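Everything below belongs to upload-v4.cif, which stores mmCIF, C-alpha atoms.
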```
data_start
#
loop_
_atom_site.label_atom_id
_atom_site.label_comp_id
_atom_site.auth_asym_id
_atom_site.auth_seq_id
_atom_site.Cartn_x
_atom_site.Cartn_y
_atom_site.Cartn_z
CA MET A 1 -13.96 -13.18 -46.25
CA CYS A 2 -16.05 -13.81 -49.35
CA ASP A 3 -13.62 -14.28 -52.24
CA SER A 4 -15.83 -12.91 -54.97
CA CYS A 5 -16.83 -9.48 -53.66
CA GLY A 6 -15.00 -8.97 -50.37
CA CYS A 7 -18.27 -8.34 -48.51
CA GLY A 8 -17.09 -9.91 -45.25
CA ASP A 9 -19.68 -12.72 -45.23
CA THR A 10 -18.51 -16.13 -44.11
CA GLN A 11 -18.46 -19.08 -46.51
CA LEU A 12 -19.46 -22.69 -46.06
CA VAL A 13 -16.54 -24.90 -47.01
CA PRO A 14 -16.58 -28.70 -47.20
CA LEU A 15 -13.49 -30.52 -45.92
CA GLU A 16 -12.83 -34.16 -46.84
CA VAL A 17 -11.41 -35.87 -43.76
CA GLN A 18 -11.59 -39.67 -44.30
CA GLN A 19 -10.26 -40.46 -40.84
CA ARG A 20 -11.00 -43.29 -38.44
CA ILE A 21 -12.97 -41.76 -35.57
CA LEU A 22 -11.05 -43.88 -33.07
CA SER A 23 -7.66 -43.00 -34.57
CA ASP A 24 -6.44 -41.59 -31.23
CA ASN A 25 -7.26 -44.89 -29.54
CA ASP A 26 -5.57 -46.76 -32.40
CA ARG A 27 -2.39 -44.70 -31.93
CA THR A 28 -2.29 -45.48 -28.21
CA ALA A 29 -2.99 -49.17 -28.94
CA ALA A 30 -0.08 -49.21 -31.40
CA HIS A 31 2.10 -47.62 -28.70
CA ASN A 32 1.05 -50.34 -26.20
CA ARG A 33 1.67 -53.04 -28.83
CA HIS A 34 5.15 -51.67 -29.48
CA HIS A 35 5.98 -51.86 -25.75
CA PHE A 36 4.66 -55.45 -25.57
CA SER A 37 6.65 -56.50 -28.65
CA GLU A 38 9.88 -54.94 -27.40
CA ARG A 39 9.67 -57.08 -24.29
CA ALA A 40 8.29 -60.20 -26.02
CA LEU A 41 5.24 -59.98 -23.77
CA LEU A 42 2.12 -61.81 -24.95
CA ALA A 43 -0.91 -59.58 -24.25
CA ILE A 44 -4.34 -61.21 -24.48
CA ASN A 45 -7.62 -59.28 -24.45
CA VAL A 46 -10.08 -61.52 -22.56
CA MET A 47 -13.71 -60.61 -23.23
CA GLY A 48 -17.11 -62.10 -22.46
CA SER A 49 -20.41 -61.58 -20.67
CA PRO A 50 -20.50 -60.81 -16.95
CA GLY A 51 -20.31 -64.19 -15.23
CA ALA A 52 -18.96 -66.10 -18.23
CA GLY A 53 -16.05 -67.30 -16.11
CA LYS A 54 -13.21 -65.05 -17.26
CA THR A 55 -11.68 -64.67 -13.80
CA ALA A 56 -12.08 -68.37 -12.95
CA ILE A 57 -10.28 -69.37 -16.15
CA LEU A 58 -7.42 -67.00 -15.36
CA GLU A 59 -7.19 -68.50 -11.87
CA ALA A 60 -6.95 -71.99 -13.41
CA THR A 61 -4.41 -70.67 -15.93
CA ALA A 62 -2.21 -69.35 -13.10
CA THR A 63 -2.23 -72.75 -11.44
CA ALA A 64 -1.36 -74.50 -14.72
CA LEU A 65 1.49 -72.10 -15.51
CA GLU A 66 2.96 -71.83 -12.02
CA GLY A 67 6.74 -71.87 -12.19
CA ARG A 68 6.74 -71.90 -16.01
CA ARG A 69 5.51 -68.43 -17.02
CA LEU A 70 5.29 -65.15 -15.13
CA ILE A 71 1.81 -63.77 -15.66
CA GLY A 72 0.06 -60.51 -14.93
CA ALA A 73 -3.44 -59.18 -15.41
CA LEU A 74 -5.34 -55.94 -15.72
CA ALA A 75 -8.86 -56.51 -14.43
CA GLY A 76 -11.49 -54.10 -15.77
CA ASP A 77 -14.72 -53.62 -13.86
CA LEU A 78 -17.21 -50.82 -13.36
CA ALA A 79 -16.82 -51.08 -9.60
CA THR A 80 -14.99 -53.12 -6.93
CA GLU A 81 -11.54 -54.69 -7.03
CA ASN A 82 -12.95 -58.18 -6.46
CA ASP A 83 -11.56 -59.71 -9.66
CA ALA A 84 -8.08 -58.26 -9.16
CA ASN A 85 -8.08 -59.53 -5.57
CA ARG A 86 -9.06 -63.03 -6.73
CA LEU A 87 -6.31 -62.99 -9.37
CA LYS A 88 -3.72 -61.82 -6.84
CA ALA A 89 -4.73 -64.66 -4.51
CA ALA A 90 -4.11 -67.03 -7.43
CA GLY A 91 -0.54 -65.73 -7.78
CA ILE A 92 -1.13 -63.35 -10.69
CA ARG A 93 0.39 -59.86 -10.57
CA ALA A 94 -2.95 -58.11 -10.99
CA THR A 95 -4.00 -54.47 -11.18
CA SER A 96 -7.57 -53.27 -11.17
CA ILE A 97 -8.93 -50.81 -13.73
CA THR A 98 -12.12 -49.42 -12.21
CA THR A 99 -13.95 -47.77 -15.09
CA GLY A 100 -16.77 -46.08 -13.17
CA SER A 101 -19.51 -45.93 -15.78
CA ALA A 102 -17.47 -46.95 -18.83
CA CYS A 103 -18.63 -50.24 -20.33
CA HIS A 104 -15.29 -51.15 -21.92
CA LEU A 105 -11.55 -50.68 -21.64
CA ASP A 106 -9.75 -48.48 -24.14
CA ALA A 107 -6.08 -48.30 -25.06
CA GLY A 108 -5.52 -45.21 -22.87
CA MET A 109 -6.81 -46.98 -19.74
CA VAL A 110 -4.47 -49.91 -20.41
CA HIS A 111 -1.53 -47.57 -21.00
CA HIS A 112 -2.30 -45.66 -17.80
CA ALA A 113 -2.52 -48.90 -15.79
CA LEU A 114 0.83 -50.06 -17.18
CA HIS A 115 2.41 -46.93 -15.69
CA HIS A 116 1.35 -48.06 -12.23
CA GLY A 117 2.98 -51.42 -11.88
CA PRO A 118 6.02 -53.42 -12.91
CA TRP A 119 5.12 -55.50 -15.97
CA SER A 120 8.11 -55.57 -18.30
CA ASP A 121 9.39 -58.87 -16.88
CA LEU A 122 6.07 -60.67 -17.45
CA ASP A 123 5.64 -63.42 -20.05
CA TYR A 124 1.86 -63.08 -20.38
CA LEU A 125 -0.44 -60.14 -19.67
CA PHE A 126 -4.16 -60.90 -19.57
CA ILE A 127 -6.35 -57.83 -20.02
CA GLU A 128 -9.64 -58.94 -18.48
CA ASN A 129 -12.11 -56.58 -20.14
CA VAL A 130 -15.36 -55.33 -18.61
CA GLY A 131 -18.04 -58.04 -18.79
CA ASN A 132 -19.94 -57.02 -21.91
CA LEU A 133 -20.43 -58.60 -25.36
CA VAL A 134 -20.83 -55.32 -27.26
CA CYS A 135 -18.59 -52.36 -26.46
CA PRO A 136 -15.18 -54.00 -25.75
CA ALA A 137 -15.09 -55.40 -29.30
CA VAL A 138 -14.79 -51.89 -30.75
CA TYR A 139 -11.53 -50.86 -29.03
CA ASP A 140 -8.05 -52.06 -29.91
CA LEU A 141 -5.94 -52.22 -26.75
CA GLY A 142 -2.62 -53.30 -28.29
CA GLN A 143 -3.21 -57.00 -27.62
CA ALA A 144 -1.73 -59.83 -29.66
CA ALA A 145 -4.98 -61.79 -29.63
CA ASN A 146 -8.63 -61.61 -28.61
CA VAL A 147 -10.12 -64.42 -26.53
CA VAL A 148 -13.87 -64.55 -25.91
CA VAL A 149 -15.22 -66.63 -23.03
CA LEU A 150 -18.70 -68.06 -23.68
CA ALA A 151 -20.34 -70.12 -20.93
CA VAL A 152 -22.54 -73.04 -21.96
CA THR A 153 -25.26 -71.56 -19.73
CA GLU A 154 -25.51 -68.51 -22.03
CA GLY A 155 -27.21 -70.49 -24.81
CA GLU A 156 -25.92 -71.67 -28.15
CA ASP A 157 -27.14 -68.66 -30.15
CA LYS A 158 -25.04 -66.03 -28.34
CA PRO A 159 -22.60 -65.73 -31.29
CA LEU A 160 -25.53 -64.98 -33.63
CA LYS A 161 -26.80 -62.25 -31.28
CA TYR A 162 -23.37 -60.63 -30.86
CA PRO A 163 -21.62 -61.19 -34.21
CA VAL A 164 -19.27 -58.21 -33.88
CA MET A 165 -17.67 -59.62 -30.74
CA PHE A 166 -17.29 -63.18 -32.01
CA ARG A 167 -16.03 -62.12 -35.46
CA LYS A 168 -13.08 -60.46 -33.72
CA ALA A 169 -12.22 -63.50 -31.58
CA ASP A 170 -9.02 -65.39 -32.31
CA LEU A 171 -10.17 -68.07 -29.87
CA VAL A 172 -13.42 -68.85 -28.07
CA LEU A 173 -13.22 -70.58 -24.71
CA ILE A 174 -16.50 -72.44 -24.23
CA SER A 175 -16.60 -72.42 -20.45
CA LYS A 176 -18.39 -74.24 -17.62
CA VAL A 177 -18.63 -77.43 -19.69
CA ASP A 178 -18.86 -79.40 -16.42
CA LEU A 179 -22.47 -78.12 -16.29
CA LEU A 180 -23.46 -79.74 -19.61
CA PRO A 181 -25.02 -82.82 -17.95
CA HIS A 182 -27.53 -80.43 -16.34
CA LEU A 183 -28.31 -78.63 -19.62
CA PRO A 184 -30.00 -81.17 -21.92
CA ASP A 185 -30.87 -78.54 -24.55
CA ILE A 186 -27.29 -77.27 -24.97
CA SER A 187 -24.54 -79.01 -26.92
CA ILE A 188 -21.02 -77.99 -27.92
CA ASP A 189 -21.85 -78.90 -31.53
CA ARG A 190 -24.68 -76.38 -31.65
CA ILE A 191 -22.54 -73.65 -30.11
CA VAL A 192 -19.85 -74.36 -32.73
CA ALA A 193 -22.48 -74.28 -35.50
CA SER A 194 -23.35 -70.75 -34.34
CA LEU A 195 -19.69 -69.73 -34.25
CA GLN A 196 -19.29 -70.89 -37.86
CA GLN A 197 -21.99 -68.43 -38.93
CA VAL A 198 -20.00 -65.41 -37.71
CA MET A 199 -16.34 -66.54 -37.62
CA PRO A 200 -14.52 -67.45 -40.84
CA GLU A 201 -11.99 -69.52 -38.89
CA PRO A 202 -13.64 -70.57 -35.63
CA ASP A 203 -11.10 -71.79 -33.13
CA TYR A 204 -12.47 -72.96 -29.80
CA ILE A 205 -11.58 -74.97 -26.72
CA ALA A 206 -14.14 -76.45 -24.33
CA VAL A 207 -12.96 -75.74 -20.79
CA SER A 208 -13.98 -76.08 -17.17
CA ALA A 209 -12.08 -74.06 -14.59
CA ARG A 210 -13.67 -76.28 -11.92
CA THR A 211 -12.58 -79.70 -13.27
CA GLY A 212 -9.56 -78.53 -15.27
CA GLN A 213 -10.94 -79.90 -18.54
CA GLY A 214 -9.37 -78.18 -21.53
CA ILE A 215 -6.93 -76.09 -19.48
CA THR A 216 -3.90 -78.00 -20.83
CA GLN A 217 -5.10 -77.35 -24.38
CA TRP A 218 -5.64 -73.65 -23.56
CA VAL A 219 -2.12 -73.35 -22.12
CA ARG A 220 -0.75 -75.02 -25.27
CA TRP A 221 -2.64 -72.45 -27.37
CA LEU A 222 -1.06 -69.65 -25.32
CA ASN A 223 2.40 -71.16 -25.81
CA GLU A 224 1.79 -71.25 -29.56
CA GLN A 225 0.86 -67.56 -29.54
CA GLU A 226 4.29 -66.63 -28.16
CA ALA A 227 5.52 -66.68 -31.77
CA ARG A 228 3.31 -63.63 -32.39
CA VAL A 229 5.54 -61.52 -30.15
CA ALA A 230 8.81 -63.39 -30.65
CA PRO A 231 11.91 -61.42 -31.68
CA ALA A 232 11.42 -62.78 -35.24
CA HIS A 233 8.94 -59.96 -35.67
CA TYR A 234 11.60 -57.31 -35.20
CA THR A 235 13.53 -55.80 -38.03
CA ASP A 236 16.94 -54.25 -37.61
CA THR A 237 18.07 -50.91 -38.98
CA THR A 238 18.75 -52.50 -42.37
CA GLY A 239 15.16 -53.69 -42.54
CA ARG A 240 16.09 -57.38 -42.21
CA ALA A 241 13.96 -59.53 -39.97
CA HIS A 242 15.69 -61.17 -37.02
CA VAL A 243 14.98 -64.87 -36.66
CA MET B 1 -23.20 -47.41 -24.54
CA HIS B 2 -19.79 -46.76 -26.05
CA GLU B 3 -21.45 -44.37 -28.53
CA TYR B 4 -20.87 -41.44 -26.13
CA SER B 5 -17.19 -42.31 -26.04
CA ILE B 6 -17.12 -42.51 -29.85
CA VAL B 7 -18.84 -39.12 -30.08
CA GLN B 8 -16.18 -37.64 -27.79
CA SER B 9 -13.53 -38.90 -30.23
CA LEU B 10 -15.61 -37.69 -33.19
CA TYR B 11 -15.91 -34.20 -31.66
CA ASP B 12 -12.15 -34.07 -31.03
CA ALA B 13 -11.46 -35.11 -34.63
CA VAL B 14 -13.93 -32.57 -36.03
CA MET B 15 -12.48 -29.73 -33.95
CA ALA B 16 -8.88 -30.67 -34.80
CA ASN B 17 -9.70 -30.55 -38.51
CA ALA B 18 -11.89 -27.45 -38.35
CA GLY B 19 -9.51 -25.60 -36.04
CA GLY B 20 -6.63 -26.23 -38.42
CA ARG B 21 -8.56 -24.36 -41.15
CA GLY B 22 -9.56 -21.42 -38.98
CA ALA B 23 -13.25 -22.36 -39.02
CA GLY B 24 -15.69 -20.46 -36.83
CA THR B 25 -18.48 -23.01 -36.62
CA VAL B 26 -19.19 -26.43 -38.05
CA GLN B 27 -22.44 -26.84 -39.99
CA GLU B 28 -22.42 -30.51 -41.01
CA VAL B 29 -20.65 -33.69 -39.99
CA ARG B 30 -20.75 -36.74 -42.29
CA VAL B 31 -19.75 -40.14 -40.96
CA ARG B 32 -19.68 -43.68 -42.32
CA ILE B 33 -20.67 -46.51 -39.97
CA GLY B 34 -20.42 -50.19 -40.91
CA GLU B 35 -23.22 -52.62 -40.17
CA LEU B 36 -20.72 -54.84 -38.30
CA SER B 37 -18.79 -52.02 -36.61
CA GLY B 38 -20.55 -52.48 -33.28
CA VAL B 39 -21.88 -48.92 -33.34
CA ASP B 40 -25.62 -48.21 -33.02
CA VAL B 41 -26.50 -45.36 -35.37
CA GLY B 42 -29.52 -44.19 -33.35
CA LEU B 43 -27.51 -44.01 -30.14
CA LEU B 44 -24.68 -42.27 -31.99
CA ASP B 45 -27.08 -39.57 -33.20
CA THR B 46 -28.56 -39.10 -29.71
CA ALA B 47 -25.06 -38.83 -28.26
CA TRP B 48 -24.06 -36.26 -30.90
CA ARG B 49 -27.14 -34.10 -30.21
CA THR B 50 -26.31 -34.17 -26.50
CA PHE B 51 -22.63 -33.51 -26.96
CA ARG B 52 -22.74 -30.67 -29.50
CA VAL B 53 -24.67 -28.28 -27.21
CA ARG B 54 -22.77 -25.05 -26.48
CA THR B 55 -19.89 -26.01 -28.75
CA PRO B 56 -18.83 -24.72 -32.20
CA CYS B 57 -20.71 -27.79 -33.52
CA GLU B 58 -24.05 -26.74 -31.99
CA ALA B 59 -25.65 -26.23 -35.42
CA ALA B 60 -24.01 -29.24 -37.03
CA ASP B 61 -26.32 -32.09 -37.91
CA MET B 62 -24.71 -35.48 -38.28
CA PHE B 63 -25.38 -37.41 -41.49
CA VAL B 64 -24.69 -41.12 -41.29
CA GLU B 65 -23.99 -43.40 -44.23
CA VAL B 66 -24.57 -46.97 -43.08
CA VAL B 67 -22.28 -49.40 -44.91
CA PRO B 68 -23.80 -52.87 -45.33
CA ALA B 69 -21.60 -55.84 -44.51
CA SER B 70 -20.23 -57.65 -47.52
CA TRP B 71 -18.05 -60.75 -47.53
CA GLU B 72 -15.75 -62.15 -50.19
CA CYS B 73 -13.32 -65.00 -50.63
CA PRO B 74 -9.77 -63.61 -50.80
CA ALA B 75 -8.65 -66.64 -52.86
CA CYS B 76 -11.48 -66.84 -55.43
CA ARG B 77 -12.37 -63.13 -55.28
CA CYS B 78 -16.03 -64.14 -55.40
CA ALA B 79 -18.74 -62.45 -53.35
CA ALA B 80 -20.38 -64.52 -50.62
CA PRO B 81 -23.91 -64.58 -49.23
CA ARG B 82 -24.54 -62.37 -46.20
CA THR B 83 -25.56 -65.27 -43.97
CA GLY B 84 -24.52 -68.86 -43.47
CA ILE B 85 -21.20 -70.48 -42.69
CA ARG B 86 -18.37 -67.99 -43.24
CA ARG B 87 -16.50 -70.25 -45.70
CA CYS B 88 -16.25 -69.93 -49.47
CA ARG B 89 -18.77 -72.13 -51.31
CA THR B 90 -16.30 -72.67 -54.14
CA CYS B 91 -12.95 -73.34 -52.48
CA GLY B 92 -13.91 -73.78 -48.82
CA GLY B 93 -11.46 -71.10 -47.64
CA PRO B 94 -12.28 -68.57 -44.91
CA LEU B 95 -14.25 -65.51 -46.04
CA HIS B 96 -13.01 -61.96 -45.52
CA LEU B 97 -15.18 -59.00 -44.49
CA ALA B 98 -14.70 -56.68 -47.49
CA GLN B 99 -16.69 -53.83 -45.96
CA GLY B 100 -19.01 -53.18 -43.04
CA ASP B 101 -16.74 -52.49 -40.06
CA GLU B 102 -16.08 -48.79 -40.79
CA ILE B 103 -16.21 -46.11 -38.08
CA LEU B 104 -15.13 -43.12 -40.17
CA LEU B 105 -15.36 -39.35 -40.19
CA ASP B 106 -15.87 -38.63 -43.90
CA GLN B 107 -16.45 -34.90 -44.27
CA ILE B 108 -17.22 -31.76 -42.35
CA VAL B 109 -18.82 -28.58 -43.66
CA MET B 110 -17.53 -25.55 -41.81
CA GLU B 111 -18.05 -21.83 -41.82
CA VAL B 112 -14.88 -19.90 -42.53
CA PRO B 113 -14.33 -16.14 -42.50
#
```
Target format structure tokens, applied to this file:
Amino acid sequence: MCDSCGCGDTQLVPLEVQQRILSDNDRTAAHNRHHFSERALLAINVMGSPGAGKTAILEATATALEGRRLIGALAGDLATENDANRLKAAGIRATSITTGSACHLDAGMVHHALHHGPWSDLDYLFIENVGNLVCPAVYDLGQAANVVVLAVTEGEDKPLKYPVMFRKADLVLISKVDLLPHLPDISIDRIVASLQQVMPEPDYIAVSARTGQGITQWVRWLNEQEARVAPAHYTDTTGRAHV
Amino acid sequence: MHEYSIVQSLYDAVMANAGGRGAGTVQEVRVRIGELSGVDVGLLDTAWRTFRVRTPCEAADMFVEVVPASWECPACRCAAPRTGIRRCRTCGGPLHLAQGDEILLDQIVMEVP
């Protein structure tokens, strides 16, 4: 009711909110991250264009880590379970997230998928996002690190066209480098020059899932990331960090 | 086209805030979107106009403040040019995005009894 005269008219009232629009997603991502940390599970959000070679790199990763690390994957795609089937054939404990029309994974989809499969004994969980260089960059999933796969066939200016995605990358895997002899206009140096325009600390590895080039270096990078989810990050009830 | 998904979250946030104050309808929604947030403002507006139909937000126009990207060196505290290599020209350290990745609900204007 109107305060001044009691006439019964409604009033227009401004309300300051100052809230992240995706705060619900952020809460679920924090919940996922907490689960991953409790179990010292390294979760990696793998992003890139359709056809960049995300699945092929994970297949090569499974071969390189066989017997050394237990790895799982959530494979996001609009339709089909083809990627999850390929990953399973490579020995990865893979689950498909079929998004229908959604162009990205969000933290809720990852959380839901985790309810449908054993994962707490895994060492690494690769979240293979929907092939897309725009939308997946916006959503936190609870991962420890973002990896963007960029194929040499995509052209060296891709990072300049999609700065939001590459700015959020902790590592860029420059893939399909075995094709470079057939691409006289493309060079790793020019791709890196583009990355430097959008990434303050560009970290990259040139890889080929076909020849195995760079896969050892990539596995070493993964091993180094284990410190991100090591028990040292926990604090006990007195607030002291465990080391 | 994640803008429809963002508008779904925006609508939920607006209604949670308005509902908590006993609002009847919402008349304005003000948001802040960073240049490097990955959100297209035109698509966001189209999505909002589609989504608000037959809801308490039906009359609510969305006003968008676009926040330009700005970079600074966390060590030197100096501002950096908008383009070029993302390293500080003075000390060579990595630049930090000071603003420009916001996806924020700033304010709503609601009708209360």
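If you measure from each of B:Met62, B:Asp101, B:Cys76, B:Arg54 to Arg30 in chain B using all atoms listed in the file, the closest one turns out to be B:Met62.
Among the candidate residues A:Ile186, A:Val172, A:Leu195, A:Val130, the one lying nearest to Ala145 in chain A is A:Val172, with distances computed using only C-alpha atoms.
For the file at hand, the PyMOL selection byres ((chain A) within 6 of (chain B)) resolves to Met1, Thr10, Gln11, Leu12, Val13, Pro14, Leu15, Glu16, Val17, Gln18, Gln19, Arg20, Ile21, Cys135, Val164, Gln196, Gln197 and Pro200 of chain A.
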Once you have the residues from the selection above, write them out as a short mmCIF file (atom, residue, chain, number, x, y, z; two decimals), in the coordinates of the input, restricted to C-alpha atoms.
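Dumped everything to out15.cif:
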```cif
data_model
loop_
_atom_site.label_atom_id
_atom_site.label_comp_id
_atom_site.auth_asym_id
_atom_site.auth_seq_id
_atom_site.Cartn_x
_atom_site.Cartn_y
_atom_site.Cartn_z
CA MET A 1 -13.96 -13.18 -46.25
CA THR A 10 -18.51 -16.13 -44.11
CA GLN A 11 -18.46 -19.08 -46.51
CA LEU A 12 -19.46 -22.69 -46.06
CA VAL A 13 -16.54 -24.90 -47.01
CA PRO A 14 -16.58 -28.70 -47.20
CA LEU A 15 -13.49 -30.52 -45.92
CA GLU A 16 -12.83 -34.16 -46.84
CA VAL A 17 -11.41 -35.87 -43.76
CA GLN A 18 -11.59 -39.67 -44.30
CA GLN A 19 -10.26 -40.46 -40.84
CA ARG A 20 -11.00 -43.29 -38.44
CA ILE A 21 -12.97 -41.76 -35.57
CA CYS A 135 -18.59 -52.36 -26.46
CA VAL A 164 -19.27 -58.21 -33.88
CA GLN A 196 -19.29 -70.89 -37.86
CA GLN A 197 -21.99 -68.43 -38.93
CA PRO A 200 -14.52 -67.45 -40.84
#
```
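Non-sequential neighbours of His31 in chain A (distance at most 12 Å, separation of 2 or more positions within a chain, only C-alpha atoms) are A:Asp24, A:Asn25, A:Asp26, A:Arg27, A:Thr28, A:Ala29, A:Arg33, A:His34, A:His35, A:Phe36, A:Ser37, A:Glu38, A:Ala107, A:Gly108, A:Val110, A:His111, A:His112, A:Leu114, A:Asp140, A:Leu141, A:Gly142, A:Gln143.
If you look at CA of Glu156 in chain A and CA of Asn223 in chain A, they are 28.4 Å away from each other.
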**OP:** Excluding range 115-128 of chain A and any residue of its chain fewer than 2 positions from it, enumerate the residues within 6 Å of it, using all atoms listed in the file, and give them as a ChimeraX atom specification.
**Re:** /A:41-46,69-76,112-113
Original post:
In Å, with one decimal, what is the gap from CA of Val177 in chain A to CA of His104 in chain A?
Top reply: 26.6 Å
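Atom pair CA of Val147 in chain A / CA of Pro202 in chain A: separated by 11.5 Å.
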Subject >> Reference answer for the PyMOL selection byres ((chain A and resi 62) around 12), as a VMD selection string >> reply: chain A and resid 55 to 61 63 to 73 86 to 94 124 to 126 209 212 215 to 216 218 to 219
**OP:** Quick one: residues within 12 Å of (-17.8, -65.8, -29.9) (file frame), counting only C-alpha atoms, please, as a PyMOL selection string.
**Re:** chain A and resi 46-49+52+133-134+137+146-152+154-175+191-205
With C-alpha atoms kept, could you save the residues just selected as a compact mmCIF listing (two decimals), in the coordinates of the input?
```
# COMPACT_ATOMS: atom_id res chain seq x y z
CA VAL A 46 -10.08 -61.52 -22.56
CA MET A 47 -13.71 -60.61 -23.23
CA GLY A 48 -17.11 -62.10 -22.46
CA SER A 49 -20.41 -61.58 -20.67
CA ALA A 52 -18.96 -66.10 -18.23
CA LEU A 133 -20.43 -58.60 -25.36
CA VAL A 134 -20.83 -55.32 -27.26
CA ALA A 137 -15.09 -55.40 -29.30
CA ASN A 146 -8.63 -61.61 -28.61
CA VAL A 147 -10.12 -64.42 -26.53
CA VAL A 148 -13.87 -64.55 -25.91
CA VAL A 149 -15.22 -66.63 -23.03
CA LEU A 150 -18.70 -68.06 -23.68
CA ALA A 151 -20.34 -70.12 -20.93
CA VAL A 152 -22.54 -73.04 -21.96
CA GLU A 154 -25.51 -68.51 -22.03
CA GLY A 155 -27.21 -70.49 -24.81
CA GLU A 156 -25.92 -71.67 -28.15
CA ASP A 157 -27.14 -68.66 -30.15
CA LYS A 158 -25.04 -66.03 -28.34
CA PRO A 159 -22.60 -65.73 -31.29
CA LEU A 160 -25.53 -64.98 -33.63
CA LYS A 161 -26.80 -62.25 -31.28
CA TYR A 162 -23.37 -60.63 -30.86
CA PRO A 163 -21.62 -61.19 -34.21
CA VAL A 164 -19.27 -58.21 -33.88
CA MET A 165 -17.67 -59.62 -30.74
CA PHE A 166 -17.29 -63.18 -32.01
CA ARG A 167 -16.03 -62.12 -35.46
CA LYS A 168 -13.08 -60.46 -33.72
CA ALA A 169 -12.22 -63.50 -31.58
CA ASP A 170 -9.02 -65.39 -32.31
CA LEU A 171 -10.17 -68.07 -29.87
CA VAL A 172 -13.42 -68.85 -28.07
CA LEU A 173 -13.22 -70.58 -24.71
CA ILE A 174 -16.50 -72.44 -24.23
CA SER A 175 -16.60 -72.42 -20.45
CA ILE A 191 -22.54 -73.65 -30.11
CA VAL A 192 -19.85 -74.36 -32.73
CA ALA A 193 -22.48 -74.28 -35.50
CA SER A 194 -23.35 -70.75 -34.34
CA LEU A 195 -19.69 -69.73 -34.25
CA GLN A 196 -19.29 -70.89 -37.86
CA GLN A 197 -21.99 -68.43 -38.93
CA VAL A 198 -20.00 -65.41 -37.71
CA MET A 199 -16.34 -66.54 -37.62
CA PRO A 200 -14.52 -67.45 -40.84
CA GLU A 201 -11.99 -69.52 -38.89
CA PRO A 202 -13.64 -70.57 -35.63
CA ASP A 203 -11.10 -71.79 -33.13
CA TYR A 204 -12.47 -72.96 -29.80
CA ILE A 205 -11.58 -74.97 -26.72
```
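Compared by their closest atoms to Ala16 in chain B, and using all atoms listed in the file, the residues B:Ser70, B:Leu44, B:Arg89, B:Pro56 rank with B:Pro56 nearest.
With all atoms listed in the file as the atoms that count, the residue of B:Gly100, B:Gly20, B:Asp45, B:Ala75 with the shortest distance to Ala60 in chain B is B:Asp45.
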